[in-house]
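**Q** Pasting a structure here, questions to come.
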Amino acid sequence: GEQIAATLPGERSSITRIALGEVDGRTVMVCAHSGTNPLQVRDATTGEAMRTVGEARPGEDPFDVDAVVIETSPDGQLFASSSTFGPVRVWDARTGDEMVTAGPDAWIFHAAWSPDGELLAIAGVDEEEGGVVRIVDRSGEDVAVLRDEAGVAPKSVSFSADGKRLMTARSSIERADPSLTAVHIWDWEAEEIVDNFAIPADRAVFDPTGTRIVATLSTSFGAGVWDAESGRRLATLSGHRSPVFDVTFSPDGTTVASAGQDGTVRLWYPPMPAG
C-alpha cells in the first residue's frame with residue numbers, strides 16, 4: 001500500500017501548485033503560494049528555499065497572479081507557469097530567466113510537457129470557442145488543437161510515456177455536473193479520444209512509465225493512484241486536512257507529491273500495478 005515518505009511544511013499561505021524536477025543533481029520542488037506572484041524553488045529533501053522566480057506585483061488581485069500551472073520539462077532545464085489568465089511563460093530553471101511565452105490570452109487550467117520536452121500541452125477555455133487543449137512546440141507555435149464536446153473543459157493534461165497519447169481530466173464549465181467529469185485518453189495527432197475512465201478527477205497525471213495515473217479527487221480531500229491500463233484504483237492517498245490542489249510524480253516515478261490547501265506538501269511511495 002501507500003506510505004508517506006515525508007511531509008514538508010508550507011508557509012502561512014496555501015500551496016496551490018507544485019512540480020518536481022532535478023537541477024544540478026538535486027531533486028527540487030517548484031511551489032506556488034496563494035496570493036503571491038514569485039514562485040519558490042525548494043530542495044525537495046530539506047524544504048530549503050533555493051531561489052524565487054518572477055517578480056512580486058503588489059496591489060494586484062491575487063486571482064490574477066496566483067499560479068495555476070507549474071510544470072518542469074523532462075530534462076529539468078525549463079519549467080512552464082501561468083496565472084489564471086494566460087499566456088503560459090517558460091522559464092530557465094537554473095537562472096530564473098523567462099525564455100518564451102506560449103498559448104492564448106485565455107483561461108488556463110493546466111499544462112504538461114511531452115516526454116522528449118519538445119512539446120507543451122496547454123489546457124484552458126477559449127472565450128469564443130469553449131474548452132480546448134493547444135499543443136505547442138518550444139517556439140510557442142501550435143502543433144495540434146483538441147476540442148471536447150460543448151459545455152466541458154479540460155482541467156488537466158498529461159502525455160503518456162511514449163508521447164503518443166494525451167490524458168485530459170474534464171468537467172463541466174458552467175455548473176457542477178458529475179456526469180460530465182471523466183478522464184479521457186487522446187490520440188492527439190489524430191485529435192481523437194481513444195479511451196476514457198470514470199475517475200472524479202480535477203488533476204490527472206501519467207507516471208513516467210505510463211502504467212499508473214495519479215489524480216486529485218474532486219469528491220474528497222485526497223488523491224488516488226489508478227492502473228492506466230484497466231482504470232482500477234491501486235491506492236487512496238489520504239492525509240491532507242483540506243482539498244488537494246495538485247499532484248505530480250517524481251521524474252523516476254518512485255514518489256508522488258501532493259500539495260494542499262492545508263499548506264503542506266506530502267510525499268508518497270505509490271504502488272505498482274500487479275503483474
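The way I read the labels, and the way they are meant: chains A, B, ... in the order of the C-alpha cells, residue 1 as the first residue of every chain, and ligand 1 as the first ligand shown, with later ones counted on from there.
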How would you write, as number ranges by chain, the set of residues in region 143-260 of chain A that DSSP gives as strand (DSSP E or B)?

**A** A: 143-146, 152-159, 165-172, 182-187, 192-197, 201-206, 212-217, 223-227, 233-237, 244-249, 256-260

**Q** Please list as a PyMOL selection string every residue within 6 Å of region 228-235 of chain A, counting only C-alpha atoms and excluding residues in the same chain fewer than 2 positions away.

**A** chain A and resi 211-213+224-226

**Q** Any chance you could export the current selection's N, CA, C and O atoms as a PDB file, in the first residue's frame?

**A**
```pdb
ATOM      1  N   THR A 211       2.282   3.534 -16.756  1.00  0.00           N
ATOM      2  CA  THR A 211       1.497   2.420 -16.216  1.00  0.00           C
ATOM      3  C   THR A 211       0.514   2.848 -15.136  1.00  0.00           C
ATOM      4  O   THR A 211      -0.405   2.098 -14.803  1.00  0.00           O
ATOM      5  N   ARG A 212       0.697   4.034 -14.561  1.00  0.00           N
ATOM      6  CA  ARG A 212      -0.176   4.492 -13.476  1.00  0.00           C
ATOM      7  C   ARG A 212      -0.658   5.917 -13.734  1.00  0.00           C
ATOM      8  O   ARG A 212      -0.029   6.680 -14.454  1.00  0.00           O
ATOM      9  N   ILE A 213      -1.777   6.244 -13.100  1.00  0.00           N
ATOM     10  CA  ILE A 213      -2.333   7.593 -13.117  1.00  0.00           C
ATOM     11  C   ILE A 213      -2.481   8.040 -11.664  1.00  0.00           C
ATOM     12  O   ILE A 213      -2.998   7.281 -10.830  1.00  0.00           O
ATOM     13  N   GLY A 224      -5.593   9.811  -5.472  1.00  0.00           N
ATOM     14  CA  GLY A 224      -5.556   8.379  -5.670  1.00  0.00           C
ATOM     15  C   GLY A 224      -4.625   7.987  -6.793  1.00  0.00           C
ATOM     16  O   GLY A 224      -4.206   8.829  -7.593  1.00  0.00           O
ATOM     17  N   VAL A 225      -4.299   6.693  -6.835  1.00  0.00           N
ATOM     18  CA  VAL A 225      -3.450   6.137  -7.885  1.00  0.00           C
ATOM     19  C   VAL A 225      -4.242   5.040  -8.584  1.00  0.00           C
ATOM     20  O   VAL A 225      -4.852   4.184  -7.919  1.00  0.00           O
ATOM     21  N   TRP A 226      -4.254   5.065  -9.924  1.00  0.00           N
ATOM     22  CA  TRP A 226      -5.007   4.102 -10.731  1.00  0.00           C
ATOM     23  C   TRP A 226      -4.077   3.387 -11.722  1.00  0.00           C
ATOM     24  O   TRP A 226      -3.056   3.951 -12.144  1.00  0.00           O
TER      25      TRP A 226
END
```

**Q** Could you pull out the helix (DSSP H, G or I) residues of region 59-244 of chain A, going by DSSP on the backbone, and write them as a list in words?

**A**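 Here is the list: Pro62, Phe63, Asp64, Val65, Pro178, Ser179 and Leu180 of chain A.
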
**Q** Next, dump the selected residues to file, keeping only all heavy atoms, as a PDB file, in the first residue's frame.

**A**
```pdb
ATOM      1  N   PRO A  62      -5.057  38.904  -6.248  1.00  0.00           N
ATOM      2  CA  PRO A  62      -4.421  37.584  -6.203  1.00  0.00           C
ATOM      3  C   PRO A  62      -5.019  36.605  -7.203  1.00  0.00           C
ATOM      4  O   PRO A  62      -4.353  35.687  -7.657  1.00  0.00           O
ATOM      5  CB  PRO A  62      -4.676  37.131  -4.759  1.00  0.00           C
ATOM      6  CG  PRO A  62      -4.837  38.385  -3.992  1.00  0.00           C
ATOM      7  CD  PRO A  62      -5.521  39.344  -4.942  1.00  0.00           C
ATOM      8  N   PHE A  63      -6.304  36.801  -7.570  1.00  0.00           N
ATOM      9  CA  PHE A  63      -6.941  35.921  -8.547  1.00  0.00           C
ATOM     10  C   PHE A  63      -6.212  35.969  -9.881  1.00  0.00           C
ATOM     11  O   PHE A  63      -6.186  35.000 -10.632  1.00  0.00           O
ATOM     12  CB  PHE A  63      -8.400  36.355  -8.738  1.00  0.00           C
ATOM     13  CG  PHE A  63      -9.193  35.448  -9.630  1.00  0.00           C
ATOM     14  CD1 PHE A  63      -9.565  34.186  -9.203  1.00  0.00           C
ATOM     15  CD2 PHE A  63      -9.570  35.848 -10.900  1.00  0.00           C
ATOM     16  CE1 PHE A  63     -10.310  33.341 -10.015  1.00  0.00           C
ATOM     17  CE2 PHE A  63     -10.307  35.014 -11.721  1.00  0.00           C
ATOM     18  CZ  PHE A  63     -10.677  33.759 -11.273  1.00  0.00           C
ATOM     19  N   ASP A  64      -5.572  37.109 -10.178  1.00  0.00           N
ATOM     20  CA  ASP A  64      -4.872  37.265 -11.441  1.00  0.00           C
ATOM     21  C   ASP A  64      -3.425  36.796 -11.389  1.00  0.00           C
ATOM     22  O   ASP A  64      -2.826  36.527 -12.419  1.00  0.00           O
ATOM     23  CB  ASP A  64      -4.887  38.740 -11.879  1.00  0.00           C
ATOM     24  CG  ASP A  64      -6.288  39.211 -12.236  1.00  0.00           C
ATOM     25  OD1 ASP A  64      -7.071  38.388 -12.732  1.00  0.00           O
ATOM     26  OD2 ASP A  64      -6.591  40.387 -11.999  1.00  0.00           O
ATOM     27  N   VAL A  65      -2.834  36.719 -10.181  1.00  0.00           N
ATOM     28  CA  VAL A  65      -1.407  36.414 -10.109  1.00  0.00           C
ATOM     29  C   VAL A  65      -1.108  35.032  -9.536  1.00  0.00           C
ATOM     30  O   VAL A  65       0.001  34.547  -9.650  1.00  0.00           O
ATOM     31  CB  VAL A  65      -0.642  37.487  -9.293  1.00  0.00           C
ATOM     32  CG1 VAL A  65      -0.810  38.845  -9.927  1.00  0.00           C
ATOM     33  CG2 VAL A  65      -1.088  37.509  -7.831  1.00  0.00           C
ATOM     34  N   PRO A 178     -21.617  15.992 -12.140  1.00  0.00           N
ATOM     35  CA  PRO A 178     -20.736  14.814 -12.027  1.00  0.00           C
ATOM     36  C   PRO A 178     -20.743  13.919 -13.250  1.00  0.00           C
ATOM     37  O   PRO A 178     -19.749  13.231 -13.522  1.00  0.00           O
ATOM     38  CB  PRO A 178     -21.306  14.082 -10.804  1.00  0.00           C
ATOM     39  CG  PRO A 178     -22.012  15.136 -10.019  1.00  0.00           C
ATOM     40  CD  PRO A 178     -22.585  16.076 -11.038  1.00  0.00           C
ATOM     41  N   SER A 179     -21.839  13.908 -14.004  1.00  0.00           N
ATOM     42  CA  SER A 179     -21.912  13.035 -15.171  1.00  0.00           C
ATOM     43  C   SER A 179     -20.931  13.447 -16.265  1.00  0.00           C
ATOM     44  O   SER A 179     -20.608  12.649 -17.148  1.00  0.00           O
ATOM     45  CB  SER A 179     -23.336  13.017 -15.740  1.00  0.00           C
ATOM     46  OG  SER A 179     -23.677  14.262 -16.320  1.00  0.00           O
ATOM     47  N   LEU A 180     -20.455  14.699 -16.224  1.00  0.00           N
ATOM     48  CA  LEU A 180     -19.520  15.185 -17.235  1.00  0.00           C
ATOM     49  C   LEU A 180     -18.063  15.066 -16.788  1.00  0.00           C
ATOM     50  O   LEU A 180     -17.153  15.348 -17.560  1.00  0.00           O
ATOM     51  CB  LEU A 180     -19.835  16.644 -17.581  1.00  0.00           C
ATOM     52  CG  LEU A 180     -21.184  16.905 -18.249  1.00  0.00           C
ATOM     53  CD1 LEU A 180     -21.393  18.402 -18.475  1.00  0.00           C
ATOM     54  CD2 LEU A 180     -21.304  16.148 -19.571  1.00  0.00           C
TER      55      LEU A 180
END
```

**Q** Provide the CA of Leu267 (chain A) to CA of Ser220 (chain A) distance in Å, to one decimal place.

**A**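 Computing the Euclidean distance for CA of Leu267 (chain A) and CA of Ser220 (chain A) yields 18.3 Å.
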
**Q** Got a sec: who's within 7 Å of region 168-170 of chain A, counting only C-alpha atoms, leaving out chain neighbours fewer than 3 positions off, as JSON, numbers by chain?

**A** {"A": [152, 153, 154, 155, 156, 157, 158, 181, 182, 183, 184, 185, 201, 202, 203, 204]}

**Q** Give me, as a list in words, all polymer residues having an atom no more than 12 Å from Asp75 (chain A), counting only C-alpha atoms and skipping those fewer than 3 positions away in the same chain.

**A**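 Listing them by chain and then by number gives Leu20, Gly21, Glu22, Val23, Asp24, Gly25, Glu71, Thr72, Leu78, Phe79, Asp92, Ala93, Arg94, Trp113, Ser114, Pro115, Asp116, Gly117, Glu118, Pro251 and Asp252 of chain A.
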
**Q** Export, as a PDB file, in the first residue's frame, the selected residues with C-alpha atoms.

**A**
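Result file is again_39.pdb:
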```pdb
ATOM      1  CA  LEU A  20       9.205  18.091  -9.056  1.00  0.00           C
ATOM      2  CA  GLY A  21      12.398  18.186 -11.093  1.00  0.00           C
ATOM      3  CA  GLU A  22      16.172  17.899 -10.949  1.00  0.00           C
ATOM      4  CA  VAL A  23      18.587  20.829 -11.052  1.00  0.00           C
ATOM      5  CA  ASP A  24      22.342  20.198 -10.820  1.00  0.00           C
ATOM      6  CA  GLY A  25      21.786  16.730  -9.382  1.00  0.00           C
ATOM      7  CA  GLU A  71       5.412  22.119 -14.985  1.00  0.00           C
ATOM      8  CA  THR A  72       9.104  21.197 -15.276  1.00  0.00           C
ATOM      9  CA  LEU A  78      12.798  24.563 -18.168  1.00  0.00           C
ATOM     10  CA  PHE A  79       9.536  24.972 -16.326  1.00  0.00           C
ATOM     11  CA  ASP A  92      15.077  28.652 -17.295  1.00  0.00           C
ATOM     12  CA  ALA A  93      15.098  26.503 -14.128  1.00  0.00           C
ATOM     13  CA  ARG A  94      18.703  27.322 -13.220  1.00  0.00           C
ATOM     14  CA  TRP A 113       5.480  18.681 -21.335  1.00  0.00           C
ATOM     15  CA  SER A 114       5.872  15.770 -23.730  1.00  0.00           C
ATOM     16  CA  PRO A 115       8.426  13.123 -22.606  1.00  0.00           C
ATOM     17  CA  ASP A 116      11.082  14.474 -25.009  1.00  0.00           C
ATOM     18  CA  GLY A 117      10.481  18.042 -23.832  1.00  0.00           C
ATOM     19  CA  GLU A 118       9.787  19.308 -27.337  1.00  0.00           C
ATOM     20  CA  PRO A 251      10.987  12.009 -12.700  1.00  0.00           C
ATOM     21  CA  ASP A 252      11.821   8.379 -11.800  1.00  0.00           C
TER      22      ASP A 252
END
```

**Q** Considering only C-alpha atoms, state which residue in the set A:Ala223, A:Met50, A:Ala190, A:Val205 is at the smallest distance from Thr95 (chain A).

**A** A:Met50

**Q** Between A:Ile193, A:Thr209, A:Ala111, A:Thr264, which one has atoms that come closest to Ala161 (chain A), using only C-alpha atoms?

**A** A:Thr209

**Q** Name the residues in contact with Thr255 (chain A) at a cut-off of 6 Å, using only C-alpha atoms, excluding same-chain residues fewer than 6 positions from it; report them as a list in words.

**A** Phe249, Trp268 and Tyr269 of chain A

**Q** Please report the interatomic distance between CA of Ile199 (chain A) and CA of Arg266 (chain A) in Å with one decimal.

**A**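 Spanning CA of Ile199 (chain A) to CA of Arg266 (chain A) is a straight-line distance of 21.6 Å.
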
**Q** From the list A:Gly260, A:Val41, A:Phe206, A:Glu174, which residue is nearest Asp162 (chain A) when using only C-alpha atoms?

**A**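 Closest to Asp162 (chain A) of all the choices is A:Phe206.
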
**Q** What separation in Å, quoted to one decimal, exists between CA of Glu98 (chain A) and CA of Gly263 (chain A)?

**A**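 These two atoms are separated by 27.2 Å.
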